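Participant: data_32.cif is reproduced in full below (mmCIF, C-alpha atoms).
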```cif
data_my_file
#
loop_
_atom_site.label_atom_id
_atom_site.label_comp_id
_atom_site.auth_asym_id
_atom_site.auth_seq_id
_atom_site.Cartn_x
_atom_site.Cartn_y
_atom_site.Cartn_z
CA MET V 1 67.41 116.34 163.52
CA GLU V 2 68.55 112.82 162.76
CA ALA V 3 71.88 114.07 161.35
CA ASP V 4 72.63 115.86 164.66
CA ASP V 5 71.96 112.68 166.63
CA ALA V 6 74.41 110.72 164.48
CA GLY V 7 77.28 113.05 165.48
CA PRO V 8 80.00 114.60 163.28
CA LEU V 9 81.20 112.71 160.20
CA PRO V 10 84.68 111.14 160.36
CA ASP V 11 87.55 112.89 158.55
CA LYS V 12 88.25 111.81 155.00
CA PRO V 13 91.20 109.40 154.73
CA LYS V 14 94.34 110.90 153.18
CA PHE V 15 96.39 108.65 150.90
CA ALA V 16 99.88 109.42 149.61
CA PRO V 17 100.12 109.63 145.80
CA LEU V 18 100.88 106.29 144.15
CA ALA V 19 104.33 106.18 142.58
CA PRO V 20 104.76 104.46 139.18
CA GLY V 21 106.62 101.53 140.76
CA ASP V 22 104.18 101.02 143.63
CA LYS V 23 102.16 97.84 143.83
CA GLY V 24 98.42 97.60 143.33
CA ALA V 25 95.74 96.22 145.64
CA GLY V 26 96.73 92.62 144.89
CA GLY V 27 100.29 93.23 146.07
CA GLU V 28 101.73 92.92 142.55
CA ALA V 29 102.93 95.63 140.19
CA LYS V 30 100.29 96.27 137.53
CA VAL V 31 101.39 95.10 134.07
CA GLU V 32 100.21 97.30 131.21
CA PHE V 33 100.19 96.58 127.47
CA ARG V 34 100.15 98.56 124.23
CA ARG V 35 99.75 97.05 120.78
CA VAL V 36 100.76 98.99 117.65
CA PRO V 37 99.43 97.61 114.33
CA VAL V 38 102.00 97.34 111.52
CA PRO V 39 100.87 98.09 107.93
CA GLN V 40 101.93 95.46 105.38
CA HIS V 41 104.21 97.84 103.45
CA ARG V 42 106.15 98.73 106.64
CA MET V 43 106.98 95.13 107.65
CA THR V 44 110.33 95.04 105.79
CA PRO V 45 111.55 98.47 107.05
CA LEU V 46 110.53 97.43 110.58
CA LYS V 47 112.53 94.21 110.29
CA THR V 48 115.57 96.18 109.05
CA ALA V 49 115.42 98.79 111.85
CA TRP V 50 114.22 96.47 114.64
CA MET V 51 117.33 96.80 116.85
CA ASP V 52 117.36 100.62 116.51
CA LEU V 53 113.79 100.65 117.87
CA TYR V 54 114.33 97.84 120.39
CA LYS V 55 117.36 99.28 122.23
CA PRO V 56 115.96 102.67 123.39
CA ILE V 57 112.64 101.07 124.40
CA THR V 58 114.13 98.18 126.40
CA GLU V 59 117.30 99.85 127.74
CA ASN V 60 116.14 103.43 128.41
CA LEU V 61 112.43 102.98 129.14
CA LYS V 62 112.84 99.49 130.70
CA LEU V 63 109.93 97.99 128.74
CA ASP V 64 109.49 94.63 127.03
CA MET V 65 108.96 94.67 123.27
CA ARG V 66 108.16 91.93 120.78
CA MET V 67 106.70 91.45 117.30
CA ASN V 68 103.58 89.30 117.04
CA LEU V 69 103.75 87.94 113.48
CA LYS V 70 100.32 86.33 113.70
CA THR V 71 98.44 89.57 114.47
CA LYS V 72 101.07 91.82 112.74
CA LYS V 73 101.36 94.06 115.80
CA VAL V 74 104.28 95.35 117.87
CA GLU V 75 103.51 94.48 121.51
CA LEU V 76 104.87 96.61 124.36
CA LYS V 77 104.66 95.63 128.01
CA SER V 78 105.67 97.33 131.26
CA THR V 79 108.07 95.49 133.61
CA PRO V 80 108.81 95.78 137.36
CA GLN V 81 111.84 97.91 136.37
CA THR V 82 109.70 100.49 134.51
CA THR V 83 109.79 103.73 136.51
CA ALA V 84 108.19 106.39 134.29
CA SER V 85 104.39 106.31 134.26
CA ASP V 86 104.23 107.59 130.66
CA ALA V 87 106.95 105.24 129.32
CA LEU V 88 104.48 102.87 127.64
CA GLN V 89 102.62 105.63 125.81
CA LYS V 90 105.88 107.28 124.70
CA ALA V 91 107.18 103.96 123.33
CA ALA V 92 103.92 103.35 121.46
CA ASP V 93 104.10 106.87 119.94
CA PHE V 94 107.75 106.28 118.95
CA VAL V 95 106.99 103.00 117.15
CA HIS V 96 103.85 104.46 115.54
CA ALA V 97 105.82 107.50 114.25
CA TYR V 98 108.40 105.17 112.64
CA LEU V 99 105.65 103.10 111.02
CA LEU V 100 104.13 106.30 109.57
CA GLY V 101 107.42 106.91 107.76
CA PHE V 102 109.48 109.20 110.03
CA GLU V 103 113.22 108.57 110.37
CA ILE V 104 114.28 106.93 113.64
CA ARG V 105 116.51 109.91 114.51
CA ASP V 106 113.43 112.17 114.27
CA ALA V 107 110.93 109.80 115.90
CA ILE V 108 113.22 109.18 118.90
CA ALA V 109 112.62 112.81 119.97
CA LEU V 110 109.16 111.60 121.11
CA LEU V 111 110.94 109.61 123.86
CA ARG V 112 113.08 112.55 125.00
CA LEU V 113 110.65 115.50 124.83
CA ASP V 114 107.18 115.83 126.31
CA ASP V 115 105.55 118.42 124.06
CA LEU V 116 105.90 116.63 120.70
CA TYR V 117 102.94 115.29 118.74
CA VAL V 118 102.15 113.65 115.40
CA GLU V 119 99.29 115.06 113.36
CA CYS V 120 97.89 113.29 110.30
CA PHE V 121 95.49 114.49 107.62
CA GLU V 122 94.68 113.78 103.98
CA ILE V 123 94.70 116.09 100.96
CA LYS V 124 90.97 115.41 100.42
CA ASP V 125 90.29 116.83 103.92
CA VAL V 126 91.43 120.22 102.55
CA LYS V 127 90.31 120.02 98.92
CA THR V 128 88.79 117.29 96.75
CA LEU V 129 91.20 116.63 93.88
CA ARG V 130 91.32 113.78 91.36
CA GLY V 131 93.60 112.46 88.66
CA GLU V 132 96.31 114.81 87.40
CA HIS V 133 95.16 117.62 89.69
CA LEU V 134 95.97 115.39 92.70
CA SER V 135 99.35 114.40 91.25
CA ARG V 136 100.26 118.05 90.62
CA CYS V 137 99.19 118.93 94.19
CA ILE V 138 101.49 116.26 95.67
CA GLY V 139 104.30 117.62 93.45
CA ARG V 140 103.62 121.17 94.71
CA LEU V 141 103.85 120.00 98.33
CA ALA V 142 107.20 118.28 97.77
CA GLY V 143 108.70 120.83 95.36
CA LYS V 144 111.63 120.18 93.04
CA ASP V 145 113.97 117.65 94.73
CA GLY V 146 111.88 118.06 97.92
CA LYS V 147 112.84 121.74 98.28
CA THR V 148 109.39 122.99 99.35
CA LYS V 149 108.99 120.27 101.99
CA PHE V 150 112.50 120.91 103.41
CA THR V 151 111.89 124.67 103.51
CA ILE V 152 108.67 124.23 105.53
CA GLU V 153 110.38 121.68 107.82
CA ASN V 154 113.35 123.94 108.55
CA ALA V 155 111.28 127.10 109.01
CA THR V 156 108.78 125.47 111.41
CA ARG V 157 111.16 123.00 113.13
CA THR V 158 108.92 120.08 112.20
CA ARG V 159 109.31 116.87 110.20
CA ILE V 160 106.87 116.09 107.38
CA VAL V 161 106.11 112.77 105.68
CA LEU V 162 104.22 112.79 102.38
CA ALA V 163 102.77 109.29 102.00
CA ASP V 164 100.73 109.38 98.79
CA THR V 165 97.66 111.49 99.69
CA ARG V 166 98.34 111.34 103.44
CA ILE V 167 100.42 113.95 105.25
CA HIS V 168 102.03 113.35 108.66
CA ILE V 169 103.63 116.18 110.69
CA LEU V 170 105.84 115.67 113.77
CA GLY V 171 106.57 118.64 116.03
CA SER V 172 105.29 120.83 118.86
CA PHE V 173 101.64 121.90 118.84
CA GLN V 174 102.34 125.48 117.72
CA ASN V 175 104.86 124.49 115.03
CA ILE V 176 102.53 121.81 113.62
CA ARG V 177 99.82 124.45 113.19
CA VAL V 178 102.16 126.76 111.22
CA ALA V 179 103.39 123.88 109.01
CA ARG V 180 99.82 122.64 108.44
CA ASP V 181 98.65 126.13 107.40
CA ALA V 182 101.51 126.35 104.87
CA LEU V 183 100.72 122.90 103.44
CA CYS V 184 96.98 123.70 103.24
CA ALA V 185 97.76 126.92 101.33
CA LEU V 186 99.81 124.90 98.81
CA ILE V 187 96.99 122.34 98.45
CA LEU V 188 94.51 125.15 97.79
CA GLY V 189 96.72 126.42 94.97
CA SER V 190 98.79 129.25 96.47
CA PRO V 191 102.18 129.71 94.74
CA ALA V 192 105.18 128.53 96.77
CA SER V 193 106.74 132.04 96.84
CA LYS V 194 103.63 133.49 98.53
CA VAL V 195 103.59 130.62 101.06
CA TYR V 196 107.31 131.17 101.83
CA SER V 197 106.86 134.90 102.53
CA LYS V 198 103.89 134.24 104.83
CA LEU V 199 105.88 131.47 106.53
CA ARG V 200 108.83 133.83 107.14
CA SER V 201 106.64 136.49 108.77
CA THR V 202 104.81 133.90 110.93
CA CYS V 203 108.05 132.27 112.09
CA SER V 204 109.73 135.61 112.90
CA ARG V 205 106.64 136.54 114.94
CA LEU V 206 106.83 133.20 116.80
CA ASN V 207 110.56 133.65 117.49
CA ASP V 208 109.98 137.18 118.85
CA SER V 209 107.30 135.94 121.24
#
```
Could I get this structure in the form of structure tokens?
Facilitator:
Amino acid sequence: MEADDAGPLPDKPKFAPLAPGDKGAGGEAKVEFRRVPVPQHRMTPLKTAWMDLYKPITENLKLDMRMNLKTKKVELKSTPQTTASDALQKAADFVHAYLLGFEIRDAIALLRLDDLYVECFEIKDVKTLRGEHLSRCIGRLAGKDGKTKFTIENATRTRIVLADTRIHILGSFQNIRVARDALCALILGSPASKVYSKLRSTCSRLNDS
């Protein structure tokens, strides 16, 4: 009865969606940060390629970028000129991909395309190997003169980095899965020829669909 006496409830307020450049409640554009830690062994390559990373991030994405030598982190900050809402995350992914060991020409695809990801795993996640067995496994993954790695990359349209016992794959979700399955088969001891034939049939099926 009491609800009837109070009368009908007022309509819910309708707000227009907030654009990336719109100002917050305080009247100022919200400044966002991302910090990407730099491993010690990637400091020199980062210094060498700094301008190649700096230009697309500052000129295309309109972000601020600097290196904090004290904390050994690359710091990214949005500016009033930043228009894309996902620019900061894309820039962080781009820098992180380079620090993992990908070439800049490959990593820059993360800025241009939306459906690209980086997946990382270790050999021990698939199979526990030690000593010479581990060394032979890494050799099997790379192949003679890197042939096996290049074959998997070209067949699945991915990029692969073999960093000691860590493996990093850059590509679309579906392609990463195919490349990861091929690498896991090699780790488990399958001969390269068997992996190639399975890879060919999987890729032809993907292309048909």
Participant: For a test of reading the model, state the distance in Å between atom CA of V:Ala87 and atom CA of V:His168, rounded to one decimal.
Facilitator: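 The value is 22.7 Å.
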Participant: With the file shown as input, list the residues that the PyMOL selection byres ((chain V and resi 144-156) around 10) selects, as a PyMOL selection string.
Facilitator: chain V and resi 139-143+157-162+169-172+174-180+182-183+186+192-193+195-196+199-200+202-204+206
Participant: Which one is closest to V:Ser78: V:Glu132, V:Glu122, V:Asp64, V:Asp93? Count all atoms listed in the file.
Facilitator: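 Closest candidate: V:Asp64.
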Participant: Choose the residue, out of V:Lys124, V:Lys30, V:Leu99, V:Asp86, that has the smallest atom-to-atom separation from V:Thr44; count only C-alpha atoms.
Facilitator: V:Leu99
Participant: Please report the interatomic distance between atom CA of V:Leu129 and atom CA of V:Ala185 in Å with one decimal.
Facilitator: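 About the pair atom CA of V:Leu129 and atom CA of V:Ala185: they are 14.3 Å apart.
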Participant: Enter the distance from atom CA of V:Thr83 to atom CA of V:Leu110, in Å, rounded to one decimal.
Facilitator: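 Separation of atom CA of V:Thr83 and atom CA of V:Leu110: 17.3 Å.
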Participant: (110.8, 106.7, 126.6) in this file's frame - what residues fall within 6 Å of it? Use only C-alpha atoms and give the answer as an NGL selection string.
Facilitator: :V and (61 or 87 or 90-91 or 111)
Participant: Report the residues retrieved by the PyMOL selection byres ((chain V and resi 63) around 9) from the displayed file, expressed as a ChimeraX atom specification.
Facilitator: /V:57-62,64-65,76-82,87-88,91
Participant: Identify, on the basis of all atoms listed in the file, every residue whose closest approach to V:Leu134 does not exceed 9 Å; exclude the query and any residue fewer than 6 positions from it along the same chain; express the result as a ChimeraX atom specification.
Facilitator: /V:123,128,165
Participant: Any chance you could export the current selection's C-alpha atoms as a JSON list (two decimals), in the frame of the given file?
Facilitator:
```
[["chain", "number", "residue", "atom", "x", "y", "z"],
["V", 123, "ILE", "CA", 94.70, 116.09, 100.96],
["V", 128, "THR", "CA", 88.79, 117.29, 96.75],
["V", 165, "THR", "CA", 97.66, 111.49, 99.69]]
```
Participant: Which one of V:Asp208, V:Asp164, V:Asp114, V:Asp125 sits closest to V:Ile187 if you count all atoms listed in the file?
Facilitator: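 Among the listed residues, the smallest separation from V:Ile187 belongs to V:Asp125.
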Participant: What's around stretch 36-41 of chain V at 7 Å? Count all atoms listed in the file, leave out sequence neighbours fewer than 4 positions away in its own chain, and write the answer as a PyMOL selection string.
Facilitator: chain V and resi 72-75+92+96+99
Participant: Could you tell me which of V:Lys127, V:Gln89, V:Gly189, V:Asp181 comes closest to V:Phe33 if we count all atoms listed in the file?
Facilitator: V:Gln89
Participant: Of the residues V:Lys55, V:Arg205, V:His133, V:Arg42, which is the one nearest to V:Ala97, using all atoms listed in the file?
Facilitator: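 Of all the options, V:Arg42 lies closest to V:Ala97.
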